[in-house]
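All remarks here apply to the structure that follows.
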Amino acid sequence: MKYFWFLIFFLAFCKNKKTEECIDRGINIEYLTDIDKLIKDGYKCETTFNDFNIDELKKCKVLFSDSKYKIIYNGYKSRLLIDKKENITIAINSRTVDFKTIKNLPFALFLLNDKLMPIYAISRLGEEKTFVYKIEYLNENIILSRAVDKEVAEIDINKLKYSQIKEIFKKSIYSFRYKKEKLTLDSYYNKVPFWTAGLN
């Protein structure tokens with residue numbers, strides 16, 4: 001009989017320990033700077049994510065999670081925005097902690113696949129001009145191709161709304177034309193997501 005009561009107690013305990021149901025905190029992202037509002041809110045209904053057993057990803061921690069978004073930080077001014085409704089994950093590399101873009105400072109956005117590896121990038125590396133790249137992983141090599149469309153040259157990364165960022169990534173996948181670059185990335189980044197390196 002005592003085992004019966006133990007089983008009842010154990011089941012009740014496990015039920016109470018169930019992960020908190022995610023609610024919508026009502027914070028909408030219009031600009032990337034709005035992500036700072038999520039972090040300051042501090043609500044976390046989920047505190048874990050798949051790190052794929054990669055050491056650099058194990059350093060990351062969840063700063064915010066509700067029914068719409070999850071924000072993850074790796075300590076190197078690199079943060080992930082997981083948009084649960086849109087089913088997209090964007091890595092943000094910024095030298096500022098409040099997600100503001102500052103003229104002539106490097107800034108990069110990466111669209112990630114389901115392994116958290118970057119597959120497209122919108123970046124400015126020390127110049128005012130913005131570039132869009134496609135990133136492919138072929139035979140242990142990382143192939144970078146730059147979008148050559150006139151529209152890309154007109155992108156002002158300092159003024160992008162979140163909706164515009166999503167639209168640029170959509171065009172990156174479906175309509176932009178690319179030219180292969182001579183620039184390559186270290187083979188280390190075949191398995192470790194490049195965004196974890198942050199910006200120097």
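Ligands are numbered from 1 in the order shown, residues from 1 within each chain, and chains are lettered A, B, ... in the order they appear in the structure tokens.
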
Closest-contact table, stretch 73-146 of chain A side, partner stretch 161-171 of chain A, 9 Å, counting only C-alpha atoms, as CSV:
```
residue,atom,partner,partner_atom,distance
A:Ile88,CA,A:Lys166,CA,8.8
A:Leu109,CA,A:Ile165,CA,8.7
A:Phe110,CA,A:Phe169,CA,8.9
A:Leu111,CA,A:Phe169,CA,7.0
A:Tyr120,CA,A:Phe169,CA,7.2
A:Ala121,CA,A:Phe169,CA,8.1
A:Ile122,CA,A:Phe169,CA,8.3
A:Val132,CA,A:Ile168,CA,8.8
```

Tell me, which residues of stretch 97-189 of chain A carry DSSP alpha helix (DSSP H), written as an MDAnalysis selection string? chainID A and resid 150:153 162:174

Pick out the residues sitting within 12 Å of A:Leu105, and hand them over as a PDB file with C-alpha atoms, in the first residue's frame; count only C-alpha atoms, and ignore anything fewer than 5 positions along from it in its own chain.
```pdb
ATOM      1  CA  ASN A  93      26.265  40.581 -33.858  1.00  0.00           C
ATOM      2  CA  SER A  94      26.527  44.071 -32.413  1.00  0.00           C
ATOM      3  CA  ARG A  95      29.087  45.961 -30.380  1.00  0.00           C
ATOM      4  CA  THR A  96      26.292  47.709 -28.493  1.00  0.00           C
ATOM      5  CA  LYS A 100      21.564  50.089 -31.771  1.00  0.00           C
ATOM      6  CA  SER A 123      26.252  42.916 -42.751  1.00  0.00           C
ATOM      7  CA  ARG A 124      28.285  46.072 -42.599  1.00  0.00           C
ATOM      8  CA  LEU A 125      31.928  45.578 -41.721  1.00  0.00           C
ATOM      9  CA  GLY A 126      33.450  48.956 -40.979  1.00  0.00           C
ATOM     10  CA  GLU A 127      31.869  50.643 -43.993  1.00  0.00           C
ATOM     11  CA  GLU A 128      28.615  52.428 -44.632  1.00  0.00           C
ATOM     12  CA  LYS A 129      27.738  50.000 -47.420  1.00  0.00           C
ATOM     13  CA  THR A 130      25.583  46.986 -46.581  1.00  0.00           C
ATOM     14  CA  ILE A 157      21.164  48.719 -42.067  1.00  0.00           C
ATOM     15  CA  ASN A 158      20.838  51.613 -39.579  1.00  0.00           C
ATOM     16  CA  LEU A 199      32.593  41.151 -33.717  1.00  0.00           C
ATOM     17  CA  ASN A 200      36.163  42.355 -33.192  1.00  0.00           C
TER      18      ASN A 200
END
```

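Atom pair atom CA of A:Asp55 / atom CA of A:Tyr69: separated by 23.8 Å.
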
For A:Thr89, find every residue with an atom within 10 Å (counting only C-alpha atoms), except residues of its own chain fewer than 4 positions away, and show them as a tab-separated table (two decimals) with N, CA and C atoms, in the first residue's frame.
```tsv
chain	number	residue	atom	x	y	z
A	69	TYR	N	8.56	34.91	-28.66
A	69	TYR	CA	9.99	35.07	-28.88
A	69	TYR	C	10.83	34.35	-27.83
A	70	LYS	N	12.06	34.05	-28.23
A	70	LYS	CA	13.08	33.60	-27.27
A	70	LYS	C	14.36	34.34	-27.61
A	71	ILE	N	15.02	34.90	-26.58
A	71	ILE	CA	16.28	35.62	-26.76
A	71	ILE	C	17.38	34.84	-26.06
A	80	LEU	N	20.68	35.66	-30.13
A	80	LEU	CA	19.75	35.03	-31.04
A	80	LEU	C	18.36	35.52	-30.75
A	81	LEU	N	17.64	35.84	-31.80
A	81	LEU	CA	16.22	36.13	-31.71
A	81	LEU	C	15.50	34.97	-32.39
A	82	ILE	N	14.77	34.19	-31.60
A	82	ILE	CA	13.97	33.10	-32.15
A	82	ILE	C	12.53	33.59	-32.19
A	83	ASP	N	12.02	33.74	-33.40
A	83	ASP	CA	10.64	34.17	-33.60
A	83	ASP	C	9.79	32.91	-33.78
A	84	LYS	N	9.07	32.54	-32.74
A	84	LYS	CA	8.32	31.29	-32.74
A	84	LYS	C	7.15	31.31	-33.71
A	110	PHE	N	22.37	37.38	-39.10
A	110	PHE	CA	22.48	36.09	-39.78
A	110	PHE	C	21.15	35.35	-39.68
A	111	LEU	N	20.67	34.86	-40.80
A	111	LEU	CA	19.54	33.95	-40.80
A	111	LEU	C	20.10	32.55	-40.57
A	112	LEU	N	19.57	31.84	-39.58
A	112	LEU	CA	20.12	30.54	-39.20
A	112	LEU	C	19.22	29.40	-39.63
A	113	ASN	N	19.84	28.23	-39.87
A	113	ASN	CA	19.05	27.02	-40.15
A	113	ASN	C	18.69	26.34	-38.83
A	114	ASP	N	18.11	25.16	-38.91
A	114	ASP	CA	17.64	24.50	-37.69
A	114	ASP	C	18.77	23.95	-36.84
A	116	LEU	N	21.26	26.05	-36.12
A	116	LEU	CA	21.81	27.35	-35.68
A	116	LEU	C	23.05	27.77	-36.46
A	117	MET	N	23.20	27.24	-37.66
A	117	MET	CA	24.29	27.63	-38.55
A	117	MET	C	23.80	28.74	-39.49
A	118	PRO	N	24.62	29.78	-39.71
A	118	PRO	CA	24.20	30.87	-40.60
A	118	PRO	C	24.14	30.42	-42.06
```

Proximity check stretch 169-194 of chain A to stretch 57-61 of chain A, 12 Å, nearest pairs one decimal Å, only C-alpha atoms, as JSON lines:
```
{"residue": "A:Lys191", "atom": "CA", "partner": "A:Leu57", "partner_atom": "CA", "distance": 11.0}
{"residue": "A:Val192", "atom": "CA", "partner": "A:Leu57", "partner_atom": "CA", "distance": 8.2}
{"residue": "A:Pro193", "atom": "CA", "partner": "A:Leu57", "partner_atom": "CA", "distance": 8.4}
{"residue": "A:Phe194", "atom": "CA", "partner": "A:Leu57", "partner_atom": "CA", "distance": 11.0}
```

Selection: 9 Å around A:Ser145, only C-alpha atoms, excl. self and same-chain fewer than 4 positions, as a VMD selection string: chain A and resid 132 to 136 178 to 183

Dump N, CA and C atoms for the selected residues as a PDB file, in the first residue's frame?
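The resulting file, again_4.pdb, is reproduced below:
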```pdb
ATOM      1  N   VAL A 132      24.789  41.624 -48.592  1.00  0.00           N
ATOM      2  CA  VAL A 132      24.001  40.422 -48.301  1.00  0.00           C
ATOM      3  C   VAL A 132      24.778  39.230 -48.845  1.00  0.00           C
ATOM      4  N   TYR A 133      24.951  38.225 -48.002  1.00  0.00           N
ATOM      5  CA  TYR A 133      25.708  37.037 -48.390  1.00  0.00           C
ATOM      6  C   TYR A 133      24.869  35.768 -48.243  1.00  0.00           C
ATOM      7  N   LYS A 134      25.170  34.814 -49.120  1.00  0.00           N
ATOM      8  CA  LYS A 134      24.664  33.448 -48.958  1.00  0.00           C
ATOM      9  C   LYS A 134      25.837  32.611 -48.477  1.00  0.00           C
ATOM     10  N   ILE A 135      25.598  31.744 -47.501  1.00  0.00           N
ATOM     11  CA  ILE A 135      26.657  30.924 -46.904  1.00  0.00           C
ATOM     12  C   ILE A 135      26.313  29.464 -47.106  1.00  0.00           C
ATOM     13  N   GLU A 136      27.208  28.734 -47.789  1.00  0.00           N
ATOM     14  CA  GLU A 136      26.970  27.315 -48.061  1.00  0.00           C
ATOM     15  C   GLU A 136      28.105  26.475 -47.493  1.00  0.00           C
ATOM     16  N   TYR A 178      23.520  35.946 -56.924  1.00  0.00           N
ATOM     17  CA  TYR A 178      24.761  35.915 -56.145  1.00  0.00           C
ATOM     18  C   TYR A 178      25.984  35.685 -57.019  1.00  0.00           C
ATOM     19  N   LYS A 179      27.089  36.252 -56.553  1.00  0.00           N
ATOM     20  CA  LYS A 179      28.392  36.024 -57.181  1.00  0.00           C
ATOM     21  C   LYS A 179      29.325  35.457 -56.115  1.00  0.00           C
ATOM     22  N   LYS A 180      29.997  34.370 -56.441  1.00  0.00           N
ATOM     23  CA  LYS A 180      30.880  33.713 -55.487  1.00  0.00           C
ATOM     24  C   LYS A 180      32.049  34.619 -55.125  1.00  0.00           C
ATOM     25  N   GLU A 181      32.368  34.692 -53.824  1.00  0.00           N
ATOM     26  CA  GLU A 181      33.451  35.511 -53.321  1.00  0.00           C
ATOM     27  C   GLU A 181      34.730  34.678 -53.173  1.00  0.00           C
ATOM     28  N   LYS A 182      35.876  35.346 -53.250  1.00  0.00           N
ATOM     29  CA  LYS A 182      37.147  34.664 -52.982  1.00  0.00           C
ATOM     30  C   LYS A 182      37.349  34.476 -51.481  1.00  0.00           C
ATOM     31  N   LEU A 183      36.717  35.363 -50.700  1.00  0.00           N
ATOM     32  CA  LEU A 183      36.809  35.289 -49.248  1.00  0.00           C
ATOM     33  C   LEU A 183      36.259  33.958 -48.743  1.00  0.00           C
TER      34      LEU A 183
END
```

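What separates atom CA of A:Val97 from atom CA of A:Arg25 is a distance of 21.6 Å.
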
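When the distance limit is 9 Å and only C-alpha atoms are what count, the residues near A:Ile27, minus those fewer than 5 positions from it on the same chain, are Asp34, Ile35, Lys37 and Leu38 of chain A.
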
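Of the residues listed (A:Asp51, A:Asp186, A:Asp98, A:Asp24), A:Asp24 shows the shortest atom-to-atom separation from A:Lys85; distances use only C-alpha atoms.
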
What are the DSSP strand (DSSP E) residues of stretch 2-168 of chain A, as a PyMOL selection string? chain A and resi 61-65+69-73+78-83+88-94+107-112+118-124+131-138+141-147

Find the residues near A:Leu185: any atom within 9 Å, counting only C-alpha atoms, skip ones fewer than 6 places away on the same chain, and give them as a CSV table (one decimal) with all heavy atoms, in the first residue's frame.
```csv
chain,number,residue,atom,x,y,z
A,141,ASN,N,34.1,22.8,-46.9
A,141,ASN,CA,34.4,24.1,-47.3
A,141,ASN,C,33.2,25.0,-47.0
A,141,ASN,O,32.1,24.6,-47.1
A,141,ASN,CB,34.8,24.2,-48.8
A,141,ASN,CG,36.1,23.5,-49.1
A,141,ASN,OD1,37.1,23.7,-48.3
A,141,ASN,ND2,36.1,22.7,-50.1
A,142,ILE,N,33.5,26.3,-46.7
A,142,ILE,CA,32.4,27.3,-46.6
A,142,ILE,C,32.5,28.2,-47.8
A,142,ILE,O,33.5,28.9,-48.0
A,142,ILE,CB,32.6,28.0,-45.2
A,142,ILE,CG1,32.6,27.0,-44.1
A,142,ILE,CG2,31.4,29.0,-45.1
A,142,ILE,CD1,32.9,27.7,-42.7
A,143,ILE,N,31.4,28.2,-48.5
A,143,ILE,CA,31.3,29.0,-49.7
A,143,ILE,C,30.5,30.3,-49.5
A,143,ILE,O,29.4,30.2,-49.0
A,143,ILE,CB,30.7,28.2,-50.9
A,143,ILE,CG1,31.3,26.9,-51.1
A,143,ILE,CG2,30.7,29.1,-52.2
A,143,ILE,CD1,32.8,26.9,-51.4
A,144,LEU,N,31.1,31.5,-49.7
A,144,LEU,CA,30.4,32.7,-49.5
A,144,LEU,C,30.1,33.3,-50.9
A,144,LEU,O,31.0,33.4,-51.8
A,144,LEU,CB,31.3,33.7,-48.8
A,144,LEU,CG,31.6,33.4,-47.3
A,144,LEU,CD1,32.5,34.5,-46.7
A,144,LEU,CD2,30.3,33.3,-46.5
A,194,PHE,N,29.3,30.6,-37.0
A,194,PHE,CA,30.2,31.7,-37.2
A,194,PHE,C,29.8,32.9,-36.3
A,194,PHE,O,30.6,33.6,-35.8
A,194,PHE,CB,30.2,32.1,-38.6
A,194,PHE,CG,31.1,33.4,-38.9
A,194,PHE,CD1,32.4,33.3,-38.7
A,194,PHE,CD2,30.5,34.5,-39.4
A,194,PHE,CE1,33.2,34.5,-38.9
A,194,PHE,CE2,31.3,35.7,-39.6
A,194,PHE,CZ,32.6,35.6,-39.4
```
